[in-house]
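*Asks:* One file is attached below, input01.pdb, containing PDB, C-alpha atoms, pLDDT in the B column.
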```pdb
ATOM      1  CA  MET A   1     138.984 139.270 134.546  1.00 83.00           C
ATOM      2  CA  VAL A   2     137.313 139.483 131.161  1.00 89.00           C
ATOM      3  CA  SER A   3     139.379 140.233 128.073  1.00 93.00           C
ATOM      4  CA  ILE A   4     138.284 141.422 124.661  1.00 95.00           C
ATOM      5  CA  ILE A   5     139.850 139.612 121.714  1.00 94.00           C
ATOM      6  CA  SER A   6     139.401 140.276 118.011  1.00 95.00           C
ATOM      7  CA  ARG A   7     139.268 137.392 115.572  1.00 93.00           C
ATOM      8  CA  TYR A   8     138.217 137.630 111.936  1.00 93.00           C
ATOM      9  CA  GLY A   9     136.919 141.139 112.573  1.00 94.00           C
ATOM     10  CA  LYS A  10     134.526 140.080 115.376  1.00 95.00           C
ATOM     11  CA  LEU A  11     134.906 140.733 119.092  1.00 96.00           C
ATOM     12  CA  ILE A  12     135.227 137.814 121.501  1.00 95.00           C
ATOM     13  CA  LEU A  13     134.941 137.816 125.293  1.00 94.00           C
ATOM     14  CA  ASP A  14     137.505 135.618 127.025  1.00 95.00           C
ATOM     15  CA  PHE A  15     137.037 134.938 130.743  1.00 93.00           C
ATOM     16  CA  TYR A  16     137.042 132.350 133.511  1.00 91.00           C
ATOM     17  CA  TYR A  17     133.797 131.316 135.193  1.00 89.00           C
ATOM     18  CA  MET A  18     133.543 128.593 137.823  1.00 88.00           C
ATOM     19  CA  GLY A  19     137.135 127.574 137.124  1.00 90.00           C
ATOM     20  CA  LYS A  20     136.548 127.071 133.403  1.00 90.00           C
ATOM     21  CA  ARG A  21     137.806 129.181 130.542  1.00 92.00           C
ATOM     22  CA  CYS A  22     134.958 130.607 128.506  1.00 92.00           C
ATOM     23  CA  ARG A  23     135.141 132.299 125.139  1.00 94.00           C
ATOM     24  CA  GLU A  24     132.016 133.790 123.641  1.00 93.00           C
ATOM     25  CA  THR A  25     131.870 135.396 120.213  1.00 92.00           C
ATOM     26  CA  THR A  26     129.772 138.502 119.761  1.00 92.00           C
ATOM     27  CA  ASN A  27     128.230 139.768 116.555  1.00 91.00           C
ATOM     28  CA  LEU A  28     129.994 143.094 117.041  1.00 94.00           C
ATOM     29  CA  THR A  29     132.666 144.156 114.585  1.00 96.00           C
ATOM     30  CA  ASP A  30     136.006 145.310 115.947  1.00 96.00           C
ATOM     31  CA  THR A  31     135.568 149.083 116.192  1.00 96.00           C
ATOM     32  CA  PRO A  32     136.438 151.481 119.027  1.00 96.00           C
ATOM     33  CA  VAL A  33     132.728 152.193 119.613  1.00 97.00           C
ATOM     34  CA  ASN A  34     131.880 148.503 119.976  1.00 96.00           C
ATOM     35  CA  ARG A  35     134.843 147.917 122.285  1.00 96.00           C
ATOM     36  CA  LYS A  36     133.521 150.739 124.499  1.00 96.00           C
ATOM     37  CA  LYS A  37     130.084 149.082 124.579  1.00 94.00           C
ATOM     38  CA  LEU A  38     131.621 145.763 125.581  1.00 95.00           C
ATOM     39  CA  GLU A  39     133.705 147.377 128.321  1.00 95.00           C
ATOM     40  CA  LYS A  40     130.501 148.544 130.009  1.00 95.00           C
ATOM     41  CA  VAL A  41     129.024 145.052 129.779  1.00 93.00           C
ATOM     42  CA  ILE A  42     132.271 143.559 131.102  1.00 94.00           C
ATOM     43  CA  GLU A  43     132.209 145.790 134.185  1.00 95.00           C
ATOM     44  CA  LYS A  44     128.756 144.500 135.055  1.00 95.00           C
ATOM     45  CA  MET A  45     129.715 140.883 134.300  1.00 93.00           C
ATOM     46  CA  GLU A  46     132.796 141.033 136.519  1.00 93.00           C
ATOM     47  CA  ALA A  47     130.804 142.520 139.397  1.00 94.00           C
ATOM     48  CA  GLU A  48     128.154 139.803 139.102  1.00 93.00           C
ATOM     49  CA  ILE A  49     130.792 137.056 138.962  1.00 91.00           C
ATOM     50  CA  ILE A  50     132.460 138.398 142.117  1.00 91.00           C
ATOM     51  CA  LEU A  51     129.131 138.658 143.954  1.00 94.00           C
ATOM     52  CA  GLY A  52     128.020 135.214 142.790  1.00 92.00           C
ATOM     53  CA  LEU A  53     125.028 136.610 140.907  1.00 94.00           C
ATOM     54  CA  PHE A  54     126.250 135.908 137.379  1.00 92.00           C
ATOM     55  CA  ASN A  55     123.701 134.190 135.129  1.00 92.00           C
ATOM     56  CA  TYR A  56     125.449 132.785 132.046  1.00 91.00           C
ATOM     57  CA  ALA A  57     122.182 132.444 130.108  1.00 92.00           C
ATOM     58  CA  LYS A  58     121.365 136.122 130.620  1.00 93.00           C
ATOM     59  CA  TYR A  59     124.484 137.248 128.775  1.00 91.00           C
ATOM     60  CA  PHE A  60     124.866 134.366 126.302  1.00 91.00           C
ATOM     61  CA  PRO A  61     121.430 132.784 125.752  1.00 90.00           C
ATOM     62  CA  LYS A  62     122.429 130.862 122.606  1.00 88.00           C
ATOM     63  CA  SER A  63     125.666 129.447 124.009  1.00 88.00           C
ATOM     64  CA  ASP A  64     126.267 125.717 124.322  1.00 85.00           C
ATOM     65  CA  LYS A  65     127.819 126.372 127.741  1.00 84.00           C
ATOM     66  CA  VAL A  66     124.508 127.476 129.277  1.00 81.00           C
ATOM     67  CA  THR A  67     123.608 123.892 130.145  1.00 75.00           C
ATOM     68  CA  LYS A  68     126.978 123.274 131.797  1.00 70.00           C
TER      69      LYS A  68
END
```
Now that the file is in, can you turn its structure into structure tokens?
*Replies:*
Amino acid sequence: MVSIISRYGKLILDFYYMGKRCRETTNLTDTPVNRKKLEKVIEKMEAEIILGLFNYAKYFPKSDKVTK
């Protein structure tokens, strides 16, 4: 399950992938509109994780965790 967290006015995705906790900061400010946008992305992410089709680099290309 993916959670949305707000820190310093920015939205952060908090989730587990391959048994590891992952937290990725977005450039989106914490507004109801941006939370709605992220909820749509989260639905797709969760489905891909369940089906084993999730590509970390597709969602977070600049993340340090892509190589792991």
*Asks:* Looking at only C-alpha atoms, which of A:Met18, A:Val2, A:Leu38, A:Leu11 is the one that sits closest to Asn55 (chain A)?
*Replies:*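 Looking only at the distances to Asn55 (chain A), the closest residue turns out to be A:Met18.
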*Asks:* Mind working out the centre and edge lengths of an axis-aligned box for region 20-28 of chain A, all listed atoms inside, 6 Å added to each side, rounded to one decimal in Å and written as JSON?
*Replies:*
```
{"center_x": 133.0, "center_y": 135.1, "center_z": 125.0, "size_x": 21.6, "size_y": 28.0, "size_z": 28.8}
```
*Asks:* Using the chain letters and numbering of this document, enumerate as a short mmCIF file (atom, residue, chain, number, x, y, z; two decimals) with C-alpha atoms, in the coordinates of the input the residues selected by the PyMOL selection byres ((chain A and resi 22) around 12).
*Replies:*
```cif
data_model
loop_
_atom_site.label_atom_id
_atom_site.label_comp_id
_atom_site.auth_asym_id
_atom_site.auth_seq_id
_atom_site.Cartn_x
_atom_site.Cartn_y
_atom_site.Cartn_z
CA MET A 1 138.98 139.27 134.55
CA VAL A 2 137.31 139.48 131.16
CA SER A 3 139.38 140.23 128.07
CA ILE A 4 138.28 141.42 124.66
CA ILE A 12 135.23 137.81 121.50
CA LEU A 13 134.94 137.82 125.29
CA ASP A 14 137.50 135.62 127.02
CA PHE A 15 137.04 134.94 130.74
CA TYR A 16 137.04 132.35 133.51
CA TYR A 17 133.80 131.32 135.19
CA MET A 18 133.54 128.59 137.82
CA GLY A 19 137.14 127.57 137.12
CA LYS A 20 136.55 127.07 133.40
CA ARG A 21 137.81 129.18 130.54
CA ARG A 23 135.14 132.30 125.14
CA GLU A 24 132.02 133.79 123.64
CA THR A 25 131.87 135.40 120.21
CA TYR A 56 125.45 132.78 132.05
CA PHE A 60 124.87 134.37 126.30
CA SER A 63 125.67 129.45 124.01
CA ASP A 64 126.27 125.72 124.32
CA LYS A 65 127.82 126.37 127.74
CA VAL A 66 124.51 127.48 129.28
CA LYS A 68 126.98 123.27 131.80
#
```
*Asks:* Between CA of Asp30 (chain A) and CA of Lys10 (chain A), measure the distance and give it in Å to one decimal.
*Replies:* 5.5 Å
*Asks:* When you count all atoms listed in the file, which of these residues is closest to Asn27 (chain A): A:Leu53, A:Lys44, A:Glu39, A:Arg7?
*Replies:*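 When distances to Asn27 (chain A) are compared using all atoms listed in the file, the smallest one comes from A:Arg7.
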